[in-house]
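One file, query-v9.txt, carrying compact mmCIF, C-alpha atoms and all ligand atoms:
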```
# COMPACT_ATOMS: atom_id res chain seq x y z
CA MET A 17 -46.13 142.89 46.22
CA GLU A 18 -44.27 143.22 42.94
CA SER A 19 -40.56 144.01 43.02
CA TYR A 20 -41.11 147.55 41.67
CA GLU A 21 -43.56 148.22 44.53
CA LEU A 22 -41.13 146.95 47.15
CA GLU A 23 -38.29 148.97 45.66
CA ALA A 24 -40.38 152.16 45.69
CA LEU A 25 -41.37 151.55 49.30
CA ALA A 26 -37.82 150.79 50.39
CA ARG A 27 -36.54 154.04 48.87
CA VAL A 28 -38.76 155.83 51.38
CA THR A 29 -38.45 153.56 54.43
CA THR A 30 -34.64 153.36 54.32
CA ARG A 31 -34.03 157.10 54.30
CA PRO A 32 -31.60 157.88 57.11
CA ALA A 33 -33.24 159.53 60.14
CA LYS A 34 -32.31 163.21 60.47
CA GLU A 35 -31.26 165.11 63.56
CA TYR A 36 -32.65 168.63 64.12
CA ARG A 37 -31.14 171.28 66.32
CA THR A 38 -34.31 173.25 67.17
CA LEU A 39 -37.16 170.71 66.81
CA GLU A 40 -38.16 167.26 67.93
CA VAL A 41 -39.67 165.23 65.13
CA ALA A 42 -41.58 161.98 65.64
CA PRO A 43 -42.70 160.35 62.38
CA LEU A 44 -46.32 159.13 62.32
CA THR A 45 -45.56 156.36 59.82
CA PRO A 46 -42.47 155.53 57.76
CA VAL A 47 -44.05 157.15 54.69
CA ILE A 48 -46.06 160.19 55.79
CA GLY A 49 -46.62 162.59 58.66
CA ALA A 50 -44.65 163.76 61.69
CA GLU A 51 -45.44 165.27 65.08
CA VAL A 52 -43.24 168.31 65.60
CA SER A 53 -42.54 169.65 69.09
CA GLY A 54 -40.20 172.16 70.69
CA VAL A 55 -41.76 175.11 68.88
CA ASP A 56 -44.29 177.71 70.02
CA LEU A 57 -46.17 178.98 66.98
CA SER A 58 -47.62 181.94 68.88
CA ARG A 59 -44.12 183.48 68.78
CA GLU A 60 -42.02 184.48 65.82
CA LEU A 61 -39.81 181.54 64.85
CA SER A 62 -36.05 181.96 64.57
CA GLU A 63 -34.56 181.64 61.09
CA GLU A 64 -33.09 178.29 62.07
CA GLN A 65 -36.42 176.97 63.39
CA LEU A 66 -38.20 178.08 60.25
CA ALA A 67 -35.58 176.51 58.01
CA GLU A 68 -35.91 173.25 59.94
CA VAL A 69 -39.74 173.32 59.79
CA LYS A 70 -39.46 173.75 56.00
CA GLU A 71 -37.08 170.80 55.78
CA VAL A 72 -39.33 168.54 57.88
CA PHE A 73 -42.31 169.60 55.76
CA LEU A 74 -40.59 168.48 52.55
CA ASP A 75 -39.54 165.19 54.15
CA HIS A 76 -42.82 164.25 55.90
CA HIS A 77 -45.49 166.27 53.99
CA VAL A 78 -47.87 166.53 56.99
CA LEU A 79 -46.78 168.22 60.22
CA VAL A 80 -48.72 168.04 63.49
CA PHE A 81 -48.10 170.75 66.11
CA ARG A 82 -49.91 170.10 69.41
CA ASP A 83 -50.79 172.33 72.37
CA GLN A 84 -50.56 175.59 70.43
CA VAL A 85 -52.58 178.54 71.74
CA LEU A 86 -52.94 180.71 68.68
CA THR A 87 -54.79 183.83 67.64
CA GLN A 88 -55.98 184.19 64.05
CA GLU A 89 -53.03 186.55 63.51
CA ASP A 90 -50.54 183.93 64.81
CA HIS A 91 -52.07 181.34 62.51
CA LYS A 92 -51.86 183.65 59.48
CA ARG A 93 -48.35 184.81 60.35
CA PHE A 94 -47.04 181.24 60.51
CA ALA A 95 -48.76 180.38 57.20
CA GLY A 96 -47.35 183.55 55.62
CA HIS A 97 -43.81 182.18 56.00
CA PHE A 98 -44.58 179.66 53.27
CA GLY A 99 -46.22 181.92 50.68
CA GLU A 100 -49.08 184.33 50.06
CA LEU A 101 -52.36 183.46 51.73
CA ARG A 102 -55.27 182.44 49.51
CA PRO A 103 -58.60 184.14 49.94
CA VAL A 104 -61.44 181.74 50.71
CA ASN A 105 -63.69 180.92 47.71
CA PRO A 106 -66.55 181.84 48.05
CA PRO A 107 -65.65 184.69 50.44
CA PRO A 108 -67.00 184.07 53.95
CA PRO A 109 -70.08 186.23 54.72
CA GLU A 110 -68.26 187.74 57.70
CA GLY A 111 -64.86 187.58 59.32
CA ASP A 112 -61.43 187.34 57.79
CA PRO A 113 -61.44 186.66 54.02
CA TYR A 114 -58.41 184.33 54.42
CA VAL A 115 -59.86 182.16 57.18
CA LEU A 116 -62.22 179.27 56.45
CA GLU A 117 -64.25 178.05 59.38
CA ILE A 118 -64.42 174.26 59.60
CA SER A 119 -67.44 173.68 61.76
CA THR A 120 -69.68 170.67 62.27
CA THR A 121 -72.53 170.43 64.76
CA ALA A 122 -75.49 168.05 65.08
CA GLU A 123 -77.74 170.79 63.63
CA ALA A 124 -75.37 171.66 60.76
CA ALA A 125 -73.90 168.28 59.94
CA ASN A 126 -72.01 169.51 56.90
CA VAL A 127 -68.53 168.07 56.89
CA ALA A 128 -65.97 169.79 54.68
CA GLY A 129 -63.62 167.36 53.00
CA ASN A 130 -65.40 164.09 53.83
CA GLY A 131 -63.78 162.25 50.91
CA TRP A 132 -60.24 161.93 49.52
CA HIS A 133 -59.07 165.18 47.89
CA ALA A 134 -56.41 167.89 47.83
CA ASP A 135 -57.40 171.53 48.27
CA GLY A 136 -57.44 173.83 45.26
CA THR A 137 -56.32 171.48 42.47
CA ALA A 138 -58.72 173.07 39.95
CA ASP A 139 -56.93 176.40 40.26
CA VAL A 140 -54.44 177.45 37.60
CA GLU A 141 -51.88 177.88 40.35
CA PRO A 142 -52.93 175.23 42.90
CA SER A 143 -52.48 175.58 46.63
CA LEU A 144 -49.08 174.90 48.20
CA GLY A 145 -50.59 173.79 51.46
CA SER A 146 -53.24 174.23 54.12
CA MET A 147 -53.02 174.79 57.87
CA LEU A 148 -55.97 173.64 59.94
CA TYR A 149 -56.13 174.64 63.62
CA LEU A 150 -58.78 172.80 65.65
CA THR A 151 -59.87 174.21 68.98
CA ARG A 152 -62.87 171.95 69.56
CA VAL A 153 -62.87 168.20 69.07
CA PRO A 154 -65.83 165.85 69.53
CA GLU A 155 -66.71 165.70 73.26
CA PRO A 156 -65.93 162.06 73.99
CA GLY A 157 -62.33 162.91 73.09
CA SER A 158 -62.14 160.88 69.93
CA GLY A 159 -63.55 160.90 66.41
CA GLY A 160 -63.13 163.41 63.62
CA ASP A 161 -59.64 162.18 62.69
CA THR A 162 -58.17 163.33 59.39
CA LEU A 163 -56.44 160.87 57.05
CA PHE A 164 -53.55 161.96 54.82
CA ALA A 165 -52.01 160.05 51.90
CA ASN A 166 -48.60 160.30 50.22
CA MET A 167 -49.16 160.89 46.48
CA HIS A 168 -45.45 160.62 45.64
CA LEU A 169 -45.44 157.03 46.78
CA ALA A 170 -48.87 156.44 45.21
CA TYR A 171 -47.21 157.22 41.85
CA GLU A 172 -43.93 155.43 42.55
CA MET A 173 -45.66 152.14 43.45
CA LEU A 174 -47.51 151.93 40.11
CA SER A 175 -46.11 149.61 37.44
CA PRO A 176 -43.45 151.11 35.15
CA ALA A 177 -45.75 150.61 32.10
CA LEU A 178 -48.64 152.49 33.68
CA ARG A 179 -46.32 155.25 34.91
CA SER A 180 -45.00 155.83 31.41
CA LEU A 181 -48.56 156.15 30.05
CA LEU A 182 -49.51 158.59 32.81
CA ASP A 183 -46.34 160.65 32.33
CA GLY A 184 -47.54 161.69 28.85
CA VAL A 185 -51.08 162.91 29.57
CA THR A 186 -52.84 165.77 31.31
CA ALA A 187 -55.99 165.98 33.41
CA VAL A 188 -58.69 168.62 33.58
CA HIS A 189 -59.67 169.68 37.12
CA ASP A 190 -63.04 171.37 37.52
CA GLY A 191 -64.39 173.00 40.67
CA LEU A 192 -67.92 171.86 39.76
CA VAL A 193 -67.07 168.15 40.11
CA ALA A 194 -67.12 168.40 43.91
CA PHE A 195 -70.73 169.61 43.83
CA GLN A 196 -71.94 166.43 42.06
CA GLY A 197 -74.61 168.22 40.03
CA GLN A 198 -75.73 170.54 42.84
CA THR A 199 -75.56 174.31 42.52
CA PRO A 200 -72.44 175.80 44.11
CA PRO A 201 -72.91 178.45 46.80
CA PRO A 202 -73.38 182.07 45.71
CA GLY A 203 -70.13 183.89 45.06
CA TYR A 204 -68.15 180.72 44.26
CA VAL A 205 -65.83 181.44 41.36
CA VAL A 206 -65.68 178.06 39.61
CA PRO A 207 -62.03 177.19 39.02
CA LYS A 208 -61.06 175.00 36.06
CA SER A 209 -57.64 174.13 34.73
CA GLU A 210 -55.52 171.48 33.06
CA HIS A 211 -52.39 170.09 34.72
CA PRO A 212 -50.03 167.26 33.81
CA LEU A 213 -51.49 164.11 35.35
CA VAL A 214 -48.09 163.49 36.90
CA VAL A 215 -46.58 166.71 38.24
CA ARG A 216 -43.20 167.37 39.79
CA HIS A 217 -42.92 168.85 43.25
CA PRO A 218 -41.64 172.41 42.71
CA GLU A 219 -39.16 172.14 45.59
CA THR A 220 -37.94 168.52 45.41
CA ASP A 221 -38.65 167.65 41.75
CA ARG A 222 -40.14 164.32 42.94
CA ARG A 223 -43.09 163.07 40.85
CA ILE A 224 -46.66 163.11 42.17
CA LEU A 225 -49.86 161.35 41.04
CA TYR A 226 -51.96 164.49 40.70
CA VAL A 227 -55.61 163.45 40.35
CA ASN A 228 -58.36 163.36 42.97
CA ARG A 229 -62.01 162.38 42.98
CA ALA A 230 -63.26 165.77 44.20
CA TYR A 231 -61.87 167.82 41.33
CA THR A 232 -60.49 165.76 38.43
CA ALA A 233 -62.97 165.58 35.55
CA ARG A 234 -61.23 163.90 32.59
CA ILE A 235 -58.08 163.02 30.72
CA PRO A 236 -58.48 164.87 27.42
CA GLN A 237 -56.09 162.63 25.41
CA LEU A 238 -58.33 159.56 26.02
CA SER A 239 -61.86 158.63 24.95
CA SER A 240 -64.52 159.41 27.51
CA ASP A 241 -64.84 155.69 28.51
CA GLU A 242 -61.08 155.24 28.78
CA SER A 243 -60.73 158.42 30.79
CA ARG A 244 -63.51 157.41 33.22
CA ALA A 245 -62.10 153.90 33.74
CA LEU A 246 -58.52 155.09 34.23
CA LEU A 247 -59.49 157.92 36.57
CA ASP A 248 -61.66 155.63 38.69
CA MET A 249 -58.74 153.22 38.97
CA LEU A 250 -56.38 156.05 39.96
CA PHE A 251 -58.85 157.49 42.50
CA ASP A 252 -58.92 154.05 44.16
CA VAL A 253 -55.14 153.85 44.58
CA VAL A 254 -55.27 155.60 47.97
CA PRO A 255 -58.22 153.69 49.52
CA ASN A 256 -56.79 150.42 48.16
CA ARG A 257 -53.32 150.95 49.68
CA PRO A 258 -53.57 151.80 53.40
CA LEU A 259 -49.78 151.98 53.66
CA LEU A 260 -49.89 155.31 51.80
CA SER A 261 -51.78 157.05 54.58
CA CYS A 262 -51.53 158.20 58.17
CA ARG A 263 -54.29 159.17 60.54
CA VAL A 264 -54.14 162.29 62.68
CA ARG A 265 -56.08 162.13 65.92
CA TRP A 266 -56.91 165.68 66.93
CA THR A 267 -56.64 167.12 70.42
CA PRO A 268 -57.80 170.69 71.17
CA ASN A 269 -55.31 173.36 70.02
CA THR A 270 -53.59 171.23 67.40
CA LEU A 271 -52.42 172.78 64.13
CA VAL A 272 -51.79 170.49 61.16
CA PHE A 273 -49.93 171.75 58.09
CA TRP A 274 -50.11 169.62 54.93
CA ASP A 275 -48.66 169.88 51.44
CA ASN A 276 -51.55 170.04 48.94
CA ARG A 277 -49.22 169.26 46.05
CA CYS A 278 -48.24 165.78 47.20
CA VAL A 279 -50.86 164.88 49.83
CA GLN A 280 -54.54 164.03 49.68
CA HIS A 281 -56.64 164.19 52.82
CA HIS A 282 -59.99 162.92 54.06
CA ALA A 283 -61.96 164.25 57.05
CA THR A 284 -63.74 161.44 58.90
CA TYR A 285 -67.30 162.01 60.06
CA ASP A 286 -67.73 159.42 62.81
CA TYR A 287 -68.81 161.74 65.66
CA TYR A 288 -72.48 162.66 65.14
CA PRO A 289 -74.12 164.20 67.21
CA TYR A 290 -70.98 165.88 68.61
CA SER A 291 -69.33 169.07 67.40
CA ARG A 292 -65.95 169.88 65.94
CA TYR A 293 -64.58 173.38 65.21
CA GLY A 294 -61.47 174.88 63.69
CA GLN A 295 -60.13 177.40 61.24
CA ARG A 296 -58.17 176.76 58.06
CA VAL A 297 -55.77 179.03 56.22
CA ALA A 298 -54.46 178.08 52.77
CA ILE A 299 -51.25 179.13 51.04
CA ASN A 300 -50.80 179.92 47.34
CA GLY A 301 -48.57 177.75 45.22
CA GLY A 302 -47.25 178.27 41.71
CA PRO A 303 -48.11 176.53 38.43
CA LEU A 304 -47.36 172.79 38.40
CA LYS A 305 -45.13 171.26 35.74
CA GLY A 306 -44.78 167.69 34.56
C1 LIG B 1 -60.44 169.88 54.76
O1 LIG B 1 -59.61 170.77 54.62
O2 LIG B 1 -60.79 169.18 53.81
C2 LIG B 1 -60.99 169.62 56.15
C3 LIG B 1 -60.14 168.67 56.88
C4 LIG B 1 -60.67 168.34 58.24
O3 LIG B 1 -61.67 168.94 58.68
O4 LIG B 1 -60.07 167.50 58.91
```
Using structure tokens, write down the structure that the file contains.
Amino acid sequence: MESYELEALARVTTRPAKEYRTLEVAPLTPVIGAEVSGVDLSRELSEEQLAEVKEVFLDHHVLVFRDQVLTQEDHKRFAGHFGELRPVNPPPPEGDPYVLEISTTAEAANVAGNGWHADGTADVEPSLGSMLYLTRVPEPGSGGDTLFANMHLAYEMLSPALRSLLDGVTAVHDGLVAFQGQTPPPGYVVPKSEHPLVVRHPETDRRILYVNRAYTARIPQLSSDESRALLDMLFDVVPNRPLLSCRVRWTPNTLVFWDNRCVQHHATYDYYPYSRYGQRVAINGGPLKG
């Protein structure tokens, strides 16, 4: 690795470990993800617990809470502590308008999120985060893991020359890109917006490489060929650098909360013909600035 890559990595790996009064926190890797225990999300959290959960979220970006027995109302109440809930787009035909069912069976082998992406980046005010609660995992007890990648570090490990080019441009995100030429479902309001290609995290001010293959269409300051080549290179940063990501192995009744501003995720479909079921609630964020 180049010295600038090692320096960026060391800034993350040498952070002093923190002590928490109300939670136990076990990092999944040195750069992303933590299992959080000592908290029952079916009950109202104390102010101190909530403040600590928010702190761990900013430090680790992906939080895994196991053995939680939650109603839809518990799930929504916990999410509501972080911001307004986002209605599902397109609205579900029945059920709660804020709850997206994530369901895969052998008969309906559609797998939401089976590719690297962040949720809601084409919106003018992109999502703060998502909470996915799985109650059914593939029967053999494995498969269907979700991968998460740290997009702060993805940016920080790029060369200084490339970072200074990226700091000065924007990117257009378009909700149609994910459909790859197919017609979106009825009722889908196609989001489209332009964000700085490198945004700053609204709460920590840390920079983020903010492009993803599912939604980012082009860099308007570049020619179409330049834009395509640069975007393809940036989309490959995560798959080409395994150290950026962690892998969450689901067990029934696990809730995972991730930060859509600085994390990309990828649902793995390695469990056909088995089934997997859960519900996802997403939280509104504000506009993103460079
Ligand atoms: C998604 O939100 O993209 C789905 C993630 C998953 O099912 O693991």
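Among the candidates A:Leu271, A:Leu182, A:Leu250, A:Ala122, the residue lying nearest to A:Ala170 is A:Leu250 (atoms considered: only C-alpha atoms).
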> Residues at most 10 Å from ligand LIG 1 (chain B), using only C-alpha atoms and all ligand atoms? Could they come as a PyMOL selection string?
Replying inline: chain A and resi 116-120+127-135+146-150+160-164+264-266+272+274+276+280-285+292-298
Since we have the selection now, will you write its residues out, keeping C-alpha atoms, as a PDB file, in the frame of the given file?
```pdb
ATOM      1  CA  LEU A 116     -62.220 179.270  56.450  1.00  0.00           C
ATOM      2  CA  GLU A 117     -64.250 178.050  59.380  1.00  0.00           C
ATOM      3  CA  ILE A 118     -64.420 174.260  59.600  1.00  0.00           C
ATOM      4  CA  SER A 119     -67.440 173.680  61.760  1.00  0.00           C
ATOM      5  CA  THR A 120     -69.680 170.670  62.270  1.00  0.00           C
ATOM      6  CA  VAL A 127     -68.530 168.070  56.890  1.00  0.00           C
ATOM      7  CA  ALA A 128     -65.970 169.790  54.680  1.00  0.00           C
ATOM      8  CA  GLY A 129     -63.620 167.360  53.000  1.00  0.00           C
ATOM      9  CA  ASN A 130     -65.400 164.090  53.830  1.00  0.00           C
ATOM     10  CA  GLY A 131     -63.780 162.250  50.910  1.00  0.00           C
ATOM     11  CA  TRP A 132     -60.240 161.930  49.520  1.00  0.00           C
ATOM     12  CA  HIS A 133     -59.070 165.180  47.890  1.00  0.00           C
ATOM     13  CA  ALA A 134     -56.410 167.890  47.830  1.00  0.00           C
ATOM     14  CA  ASP A 135     -57.400 171.530  48.270  1.00  0.00           C
ATOM     15  CA  SER A 146     -53.240 174.230  54.120  1.00  0.00           C
ATOM     16  CA  MET A 147     -53.020 174.790  57.870  1.00  0.00           C
ATOM     17  CA  LEU A 148     -55.970 173.640  59.940  1.00  0.00           C
ATOM     18  CA  TYR A 149     -56.130 174.640  63.620  1.00  0.00           C
ATOM     19  CA  LEU A 150     -58.780 172.800  65.650  1.00  0.00           C
ATOM     20  CA  GLY A 160     -63.130 163.410  63.620  1.00  0.00           C
ATOM     21  CA  ASP A 161     -59.640 162.180  62.690  1.00  0.00           C
ATOM     22  CA  THR A 162     -58.170 163.330  59.390  1.00  0.00           C
ATOM     23  CA  LEU A 163     -56.440 160.870  57.050  1.00  0.00           C
ATOM     24  CA  PHE A 164     -53.550 161.960  54.820  1.00  0.00           C
ATOM     25  CA  VAL A 264     -54.140 162.290  62.680  1.00  0.00           C
ATOM     26  CA  ARG A 265     -56.080 162.130  65.920  1.00  0.00           C
ATOM     27  CA  TRP A 266     -56.910 165.680  66.930  1.00  0.00           C
ATOM     28  CA  VAL A 272     -51.790 170.490  61.160  1.00  0.00           C
ATOM     29  CA  TRP A 274     -50.110 169.620  54.930  1.00  0.00           C
ATOM     30  CA  ASN A 276     -51.550 170.040  48.940  1.00  0.00           C
ATOM     31  CA  GLN A 280     -54.540 164.030  49.680  1.00  0.00           C
ATOM     32  CA  HIS A 281     -56.640 164.190  52.820  1.00  0.00           C
ATOM     33  CA  HIS A 282     -59.990 162.920  54.060  1.00  0.00           C
ATOM     34  CA  ALA A 283     -61.960 164.250  57.050  1.00  0.00           C
ATOM     35  CA  THR A 284     -63.740 161.440  58.900  1.00  0.00           C
ATOM     36  CA  TYR A 285     -67.300 162.010  60.060  1.00  0.00           C
ATOM     37  CA  ARG A 292     -65.950 169.880  65.940  1.00  0.00           C
ATOM     38  CA  TYR A 293     -64.580 173.380  65.210  1.00  0.00           C
ATOM     39  CA  GLY A 294     -61.470 174.880  63.690  1.00  0.00           C
ATOM     40  CA  GLN A 295     -60.130 177.400  61.240  1.00  0.00           C
ATOM     41  CA  ARG A 296     -58.170 176.760  58.060  1.00  0.00           C
ATOM     42  CA  VAL A 297     -55.770 179.030  56.220  1.00  0.00           C
ATOM     43  CA  ALA A 298     -54.460 178.080  52.770  1.00  0.00           C
TER      44      ALA A 298
END
```
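Considering the residues A:Val85, A:Leu169, A:Leu178, A:Ala194 and counting all atoms listed in the file, A:Thr29 has its shortest atom-to-atom contact with A:Leu169.
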Padding 4 Å on every side, please: axis-aligned box over the listed atoms of stretch 153-157 of chain A, centre and edge lengths to one decimal in Å, as lines of an AutoDock Vina configuration file.
```
center_x = -64.5
center_y = 165.1
center_z = 71.5
size_x = 12.4
size_y = 14.1
size_z = 12.9
```
>> Just checking: using all atoms listed in the file, which residue out of A:Glu51, A:Asp286, A:Glu35, A:Asp241 ends up closest to A:Ala125?
In response: A:Asp286
> Which polymer residues have any atom within 9 Å of an atom of stretch 207-224 of chain A, counting all atoms listed in the file, with same-chain residues fewer than 4 positions away left out, as an MDAnalysis selection string?
Replying inline: chainID A and resid 74 136:141 166:172 179 182:192 231 235 277:279 302:306
Include C-alpha atoms and write out the residues we just selected as a tab-separated table (two decimals), in the frame of the given file.
```
chain	number	residue	atom	x	y	z
A	74	LEU	CA	-40.59	168.48	52.55
A	136	GLY	CA	-57.44	173.83	45.26
A	137	THR	CA	-56.32	171.48	42.47
A	138	ALA	CA	-58.72	173.07	39.95
A	139	ASP	CA	-56.93	176.40	40.26
A	140	VAL	CA	-54.44	177.45	37.60
A	141	GLU	CA	-51.88	177.88	40.35
A	166	ASN	CA	-48.60	160.30	50.22
A	167	MET	CA	-49.16	160.89	46.48
A	168	HIS	CA	-45.45	160.62	45.64
A	169	LEU	CA	-45.44	157.03	46.78
A	170	ALA	CA	-48.87	156.44	45.21
A	171	TYR	CA	-47.21	157.22	41.85
A	172	GLU	CA	-43.93	155.43	42.55
A	179	ARG	CA	-46.32	155.25	34.91
A	182	LEU	CA	-49.51	158.59	32.81
A	183	ASP	CA	-46.34	160.65	32.33
A	184	GLY	CA	-47.54	161.69	28.85
A	185	VAL	CA	-51.08	162.91	29.57
A	186	THR	CA	-52.84	165.77	31.31
A	187	ALA	CA	-55.99	165.98	33.41
A	188	VAL	CA	-58.69	168.62	33.58
A	189	HIS	CA	-59.67	169.68	37.12
A	190	ASP	CA	-63.04	171.37	37.52
A	191	GLY	CA	-64.39	173.00	40.67
A	192	LEU	CA	-67.92	171.86	39.76
A	231	TYR	CA	-61.87	167.82	41.33
A	235	ILE	CA	-58.08	163.02	30.72
A	277	ARG	CA	-49.22	169.26	46.05
A	278	CYS	CA	-48.24	165.78	47.20
A	279	VAL	CA	-50.86	164.88	49.83
A	302	GLY	CA	-47.25	178.27	41.71
A	303	PRO	CA	-48.11	176.53	38.43
A	304	LEU	CA	-47.36	172.79	38.40
A	305	LYS	CA	-45.13	171.26	35.74
A	306	GLY	CA	-44.78	167.69	34.56
```
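Counting from atom CA of A:Asp275, the distance to atom CA of A:Ile299 is 9.6 Å.
Distance annotation: of A:Gln84, A:Ser62, A:Ser19, A:Gln196, the residue with the minimal separation from A:Ala233 is A:Gln196; atom set is all atoms listed in the file.
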Show me as a short mmCIF file (atom, residue, chain, number, x, y, z; two decimals) with C-alpha atoms, in the coordinates of the input the residues that reach within 9 Å of (-48.2, 180.2, 60.3), counting all atoms listed in the file and using the file's own coordinates.
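This is the output file part_14.cif:
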```cif
data_model
loop_
_atom_site.label_atom_id
_atom_site.label_comp_id
_atom_site.auth_asym_id
_atom_site.auth_seq_id
_atom_site.Cartn_x
_atom_site.Cartn_y
_atom_site.Cartn_z
CA LEU A 57 -46.17 178.98 66.98
CA SER A 58 -47.62 181.94 68.88
CA GLU A 89 -53.03 186.55 63.51
CA ASP A 90 -50.54 183.93 64.81
CA HIS A 91 -52.07 181.34 62.51
CA LYS A 92 -51.86 183.65 59.48
CA ARG A 93 -48.35 184.81 60.35
CA PHE A 94 -47.04 181.24 60.51
CA ALA A 95 -48.76 180.38 57.20
CA GLY A 96 -47.35 183.55 55.62
CA HIS A 97 -43.81 182.18 56.00
CA PHE A 98 -44.58 179.66 53.27
CA MET A 147 -53.02 174.79 57.87
CA PHE A 273 -49.93 171.75 58.09
CA VAL A 297 -55.77 179.03 56.22
#
```
>> List as an MDAnalysis selection string the protein and nucleic acid residues near A:Glu18, meaning an atom at most 12 Å away when all atoms listed in the file are counted, but skip any in the same chain fewer than 3 places from it.
In response: chainID A and resid 21:25 173:176
>> If we count only C-alpha atoms and set the cut-off at 6 Å, which residues sit around A:His76, ignoring sequence neighbours fewer than 3 positions away in its own chain? Please answer as number ranges by chain.
In response: A: 48-49, 72-73
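Our summary of the geometry notes that atom CA of A:Glu40 is positioned 10.7 Å from atom CA of A:Phe81.
Between atom CA of A:Ala245 and atom CA of A:Thr232 the interatomic distance comes to 12.9 Å.
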Contact residues around A:Thr38 with only C-alpha atoms at 12 Å, ignoring same-chain residues under 3 positions, as a PDB file with C-alpha atoms, keeping the file's coordinate frame:
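Writing the result to result_31.pdb gives the following:
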```pdb
ATOM      1  CA  GLU A  35     -31.260 165.110  63.560  1.00  0.00           C
ATOM      2  CA  VAL A  41     -39.670 165.230  65.130  1.00  0.00           C
ATOM      3  CA  VAL A  52     -43.240 168.310  65.600  1.00  0.00           C
ATOM      4  CA  SER A  53     -42.540 169.650  69.090  1.00  0.00           C
ATOM      5  CA  GLY A  54     -40.200 172.160  70.690  1.00  0.00           C
ATOM      6  CA  VAL A  55     -41.760 175.110  68.880  1.00  0.00           C
ATOM      7  CA  ASP A  56     -44.290 177.710  70.020  1.00  0.00           C
ATOM      8  CA  LEU A  61     -39.810 181.540  64.850  1.00  0.00           C
ATOM      9  CA  SER A  62     -36.050 181.960  64.570  1.00  0.00           C
ATOM     10  CA  GLU A  63     -34.560 181.640  61.090  1.00  0.00           C
ATOM     11  CA  GLU A  64     -33.090 178.290  62.070  1.00  0.00           C
ATOM     12  CA  GLN A  65     -36.420 176.970  63.390  1.00  0.00           C
ATOM     13  CA  LEU A  66     -38.200 178.080  60.250  1.00  0.00           C
ATOM     14  CA  ALA A  67     -35.580 176.510  58.010  1.00  0.00           C
ATOM     15  CA  GLU A  68     -35.910 173.250  59.940  1.00  0.00           C
ATOM     16  CA  VAL A  69     -39.740 173.320  59.790  1.00  0.00           C
ATOM     17  CA  GLU A  71     -37.080 170.800  55.780  1.00  0.00           C
ATOM     18  CA  VAL A  72     -39.330 168.540  57.880  1.00  0.00           C
TER      19      VAL A  72
END
```
> Do you know which residues lie at most 8 Å from (-47.8, 184.6, 47.8), with coordinates as in the file and only C-alpha atoms counted, and could you write them as a list in words?
Replying inline: Gly96, Gly99, Glu100, Leu101, Arg102, Ile299, Asn300 and Gly301 of chain A
What's the 10 Å shell around A:Thr267, counting only C-alpha atoms, without same-chain residues fewer than 6 positions away, as an mmCIF file with C-alpha atoms, in the coordinates of the input?
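The resulting file, part.cif, is shown below:
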```
data_model
loop_
_atom_site.group_PDB
_atom_site.id
_atom_site.type_symbol
_atom_site.label_atom_id
_atom_site.label_comp_id
_atom_site.auth_asym_id
_atom_site.auth_seq_id
_atom_site.Cartn_x
_atom_site.Cartn_y
_atom_site.Cartn_z
ATOM 1 C CA ARG A 82 -49.910 170.100 69.410
ATOM 2 C CA ASP A 83 -50.790 172.330 72.370
ATOM 3 C CA LEU A 150 -58.780 172.800 65.650
ATOM 4 C CA THR A 151 -59.870 174.210 68.980
ATOM 5 C CA ARG A 152 -62.870 171.950 69.560
ATOM 6 C CA VAL A 153 -62.870 168.200 69.070
ATOM 7 C CA PRO A 154 -65.830 165.850 69.530
ATOM 8 C CA GLY A 157 -62.330 162.910 73.090
ATOM 9 C CA SER A 158 -62.140 160.880 69.930
ATOM 10 C CA ASP A 161 -59.640 162.180 62.690
#
```
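For the residues A:Val193, A:Pro106, A:Pro258, A:Tyr290, ranking by smallest atom-to-atom distance to A:Arg234 using only C-alpha atoms places A:Val193 first.
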